[in-house]
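Student: Take this structure first; my questions come after.
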Amino acid sequence: MNRLVKDNILKGITYVASALSVIVLAAILWYLVSNGLSLISGDLITGDYYATTENAAISPDYSYTEMETQEYSGKGYYSKKWGIALEDITTAHNDEEISVVYVDPNSPFTHMNSLVAGEDGMELSLSSGSAVQNIYYEDQNGETVFLSRVQMKDAENTIKTLEEAEGIVSINYESIGGGIRGSIFATLYLILISLLISLPIGIASAIYLHEYATKNKINSLIRQGIDTLTGVPSIVYGLMGVTVLFPVTQLVGATSTSILLGGLTLAIMLLPTIIRSTEEALIVVPKSLRDGSLSLGATKSQTIFKVVLPCAVNGILTGVLLGIGRVIGESAALVYTTSTVISDNPSILSQGTSLSLMIWSIMSGEQPNYELASAISLIILVIVFAINIIVKIIGKRLAKSFV
Amino acid sequence: MLIDKKRVKRNKALDKFFRGFFMAMAILSSSFIVIIVLFVCAKGISPFLPGYEYGQVDLISFLTGSIYRQDQGLYGVGFIIINTLISAFIALLISFPLSVLTALFIAKIAPKKLSAAMQSVVELLAAVPSVVYGVFASGVITGIVEWLASLFGIVTYGGSSLLAVVLLLAIMIFPTLTSMSITAIKAVDPNLEQASLALGATRTQTNFKICLTAAKSGIFAGAILGLGRAYGEATAVAMVAGNKLFGPTFNPFDITRTLTSTMLAGLKETTGLDYDIRFSVGLVLIVVIFFSNWILNIVKKRIGRNSVA
């Protein structure tokens with residue numbers, strides 16, 4: 001009896017310990033969802049991080065009498081007269097703004113010409129998501145009145161004022177910033193560059209280690225070198241990147257740290273992952289296949305390219321997926337190599353941030369932005385978890401393939 | 001029989017070429033570790049050499065110093081090394097028992113379906129990028145720390161503290177420790193377990209006394225790996241460490257500074273001593289990890305010698 005009680009207590013402890021890890025995972029997901037989910041939208045993914053200001057006048061061709069605006073029953077305050085609905089929001093930058101939620105296709109705000117120097121006369125249309133800064137309108141006496149952002153107060157008051165106006169002259173508005181399009185592109189560039197370089201080197205290394213290397217001192221030294229790479233902290237890779245690889249990127253015209261530099265650094269970081277998963281796939285390929293090919297007169301390299309590698313394709317795919325996950329999640333190595341300056345239009349030779357680095361960038365500033373950071377984290381987690389599941393499925397298929 | 005001699009010759013040459021190519025790539029892959037160590041060493045040592053362009057730094061006061069103030073030109077990483085060791089070890093102390101118990105649960109105790117589900121939980125925790133842990137830490141863990149501190153009547157710096165770093169690291173190394181322990185426990189010879197059961201021990205007694213003892217070498221290897229990860233963790237730690245200018249920090253509610261958070265602090269400079277000294281700190285980090293691994297591997301061999309398996 002005593003023994004039974006003791007056993008159950010011990011068993012209970014393991015249940016509690018396991019429950020703790022479930023709680024931690026749930027807490028992380030709950031925190032990210034409750035903070036970031038509301039921000040996730042098409043605008044977040046396609047938008048710029050930095051807000052741009054537009055100043056536009058209603059086009060002289062626009063006729064108030066001919067255009068009929070429709071009723072609207074969505075959220076926000078709607079003015080049928082001007083075909084525009086406004087709403088109070090808090091932006092990703094933590095500012096209180098009056099945001100456009102709906103613009104009728106026949107609204108005067110869809111027929112405007114830019115007043116910004118350099119873009120004079122360019123046709124503009126107010127789109128939902130923009131933040132209204134100030135408006136010039138005509139009152140009953142036909143005089144132009146300036147309605148500043150402070151006078152607007154909130155969306156309800158603005159609509160009320162506009163309803164009493166006789167005409168709209170011009171509007172100053174800001175596109176809402178806080179978007180992550182630039183960082184998504186930078187992340188894609190990083191994935192592309194790092195895989196393009198580390199895949200051939202990694203696969204070739206794995207082939208050598210598994211197909212050619214005999215047991216001798218040099219080969220075990222090679223293996224040890226690759227194994228040691230796994231234990232190097234990513235921040236040290238960053239240090240290596242700026243000293244060793246920066247001159248390499250200078251050759252192709254980089255003047256500062258760049259996405260190319262970050263990609264090269266990550267390529268080296270990925271090598272152990274690619275090598276290991278390729279090798280694991282090579283191990284599964286039965287020896288009889290190789291022997292069959294060799295005895296038919298194929299050379300060793302022909303056997304490798306035409307028989308062994310096609311069989312190992314799943315393992316290589318696993319390596320690629322794990323590599324992509326690693327690139328998406330990496331931040332420390334990139335702090336030194338791609339800089340922490342968020343870019344809306346990154347190119348391979350410019351600075352920019354990946355999604356993870358963008359989180360670091362907005363969290364380490366003066367005013368950390370928890371909502372945006374959580375939203376990006378959520379996006380990253382969804383991708384990384386999906387990759388994890390796919391890798392698991394491939395792994396199961398790989399285990400079955402030669403049984 | 002007709003044999004195209006030219007073709008055979010070409011194939012042989014190709015074969016030789018590919019063999020050389022594969023070997024060259026393997027050598028290239030493994031030479032990166034040498035390149036990393038060499039270049040970080042060269043750049044990290046340069047501030048201590050005479051004739052350094054921004055003014056030579058004294059190596060002894062760098063390694064033993066207890067103040068790190070770039071604005072006053074005081075670079076002492078002695079206390080930072082101690083901070084790093086403290087935070088990593090306490091994190092390991094918290095995480096180790098929990099992860100071993102979880103591993104035992106997954107490998108031996110849990111019903112099959114629950115075991116698979118828990119395994120997935122551990123894998124997902126391992127897949128969470130460190131910067132996401134950082135967001136979680138600065139949003140949730142700092143809150144918990146602040147609340148704890150208020151119970152003792154202590155005001156923290158917004159929750160950034162040694163305790164927050166320790167809790168964060170404990171969570172971050174948990175998946176590494178657990179998955180290594182699972183592998184070790186699953187590798188235990190079933191004969192040992194059956195012998196124990198045959199001698200009249202219960203299933204649970206066997207799990208705790210035989211499996212864990214036999215697997216301790218592998219479990220310890222996981223601990224070494226986890227500790228290495230704790231030392232090198234950068235962005236997440238920097239989010240909750242605060243930047244203490246002197247130390248070492250022993251008060252769990254006080255802010256701290258680790259080697260990695262020092263390397264990430266104030267990245268505006270791209271040349272000069274403030275820039276180069278980061279490589280010196282990085283070099284110290286490499287040396288700390290190397291020595292810690294070396295000592296722990298000796299301990300592991302001792303433990304392994306008494307191990308049953």
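FYI, nothing fancy with the structure tokens labels: chains A, B, ... in order, residues from 1 per chain, ligands from 1 as they appear.
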Show me which bits of chain B are within 6 Å of chain A, counting only C-alpha atoms, as a PDB file with C-alpha atoms, in the first residue's frame.
Tutor:
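Listed below is the output, result.pdb:
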```pdb
ATOM      1  CA  ASP B  15      34.302  10.628 -61.527  1.00  0.00           C
ATOM      2  CA  PHE B  22      32.713  16.717 -52.900  1.00  0.00           C
ATOM      3  CA  MET B  23      35.827  16.566 -50.795  1.00  0.00           C
ATOM      4  CA  MET B  25      33.079  21.186 -50.262  1.00  0.00           C
ATOM      5  CA  ALA B  26      33.367  19.062 -47.118  1.00  0.00           C
ATOM      6  CA  SER B  30      34.429  22.280 -41.782  1.00  0.00           C
ATOM      7  CA  ILE B  33      34.682  26.922 -37.686  1.00  0.00           C
ATOM      8  CA  ILE B  36      35.151  31.982 -37.238  1.00  0.00           C
ATOM      9  CA  LEU B  98      11.290  19.628 -15.002  1.00  0.00           C
ATOM     10  CA  LEU B 101      10.482  14.451 -15.451  1.00  0.00           C
ATOM     11  CA  THR B 102       8.733  15.487 -18.664  1.00  0.00           C
ATOM     12  CA  PHE B 105       6.635  11.047 -18.736  1.00  0.00           C
ATOM     13  CA  PRO B 129      12.249  31.513 -32.483  1.00  0.00           C
ATOM     14  CA  VAL B 132       9.353  35.462 -30.066  1.00  0.00           C
ATOM     15  CA  THR B 204       7.410   3.397 -11.438  1.00  0.00           C
ATOM     16  CA  GLY B 232      24.765  32.235 -26.320  1.00  0.00           C
ATOM     17  CA  THR B 235      18.146  38.918 -28.559  1.00  0.00           C
TER      18      THR B 235
END
```
Student: Write out as a PDB file with C-alpha atoms, in the first residue's frame each polymer residue whose atoms come within 10 Å of region 272-274 of chain B, counting only C-alpha atoms; drop sequence neighbours fewer than 3 positions from it.
Tutor:
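Output file result-v4.pdb is given in full below:
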```
ATOM      1  CA  SER B  46      43.513  43.707 -31.253  1.00  0.00           C
ATOM      2  CA  PRO B  47      42.371  46.300 -28.616  1.00  0.00           C
ATOM      3  CA  TYR B  52      46.088  49.805 -31.194  1.00  0.00           C
ATOM      4  CA  GLU B  53      44.787  52.833 -33.072  1.00  0.00           C
ATOM      5  CA  TYR B  54      42.091  53.877 -30.582  1.00  0.00           C
ATOM      6  CA  GLY B  55      44.240  53.478 -27.461  1.00  0.00           C
ATOM      7  CA  GLN B  56      45.346  50.194 -25.960  1.00  0.00           C
ATOM      8  CA  VAL B  57      43.043  48.573 -23.390  1.00  0.00           C
ATOM      9  CA  GLN B  70      31.442  53.040 -22.734  1.00  0.00           C
ATOM     10  CA  ASP B  71      30.930  56.747 -22.062  1.00  0.00           C
ATOM     11  CA  GLY B  73      35.955  54.354 -21.485  1.00  0.00           C
ATOM     12  CA  TYR B  75      35.503  48.239 -20.157  1.00  0.00           C
ATOM     13  CA  MET B 263      27.273  42.753 -27.501  1.00  0.00           C
ATOM     14  CA  GLY B 266      24.163  50.440 -28.528  1.00  0.00           C
ATOM     15  CA  LEU B 267      24.816  49.347 -32.089  1.00  0.00           C
ATOM     16  CA  LYS B 268      25.257  52.795 -33.530  1.00  0.00           C
ATOM     17  CA  GLU B 269      29.014  52.723 -33.920  1.00  0.00           C
ATOM     18  CA  ILE B 277      35.424  45.729 -28.027  1.00  0.00           C
ATOM     19  CA  ARG B 278      32.310  43.793 -29.032  1.00  0.00           C
ATOM     20  CA  PHE B 279      34.545  41.240 -30.714  1.00  0.00           C
TER      21      PHE B 279
END
```
Student: So which bits of region 9-204 of chain B end up alpha helix (DSSP H) when you DSSP the backbone, as a ChimeraX atom specification?
Tutor: /B:9-45,59-64,78-104,112-127,130-136,142-151,162-186,190-198,203-204
Student: To one decimal place in Å, what is the distance between CA of Ile67 (chain B) and CA of Thr260 (chain B)?
Tutor: 16.2 Å
Student: Between B:Val284, B:Ala198, B:Leu148, B:Ala103, which one has atoms that come closest to Ala116 (chain B), using only C-alpha atoms?
Tutor: B:Ala103
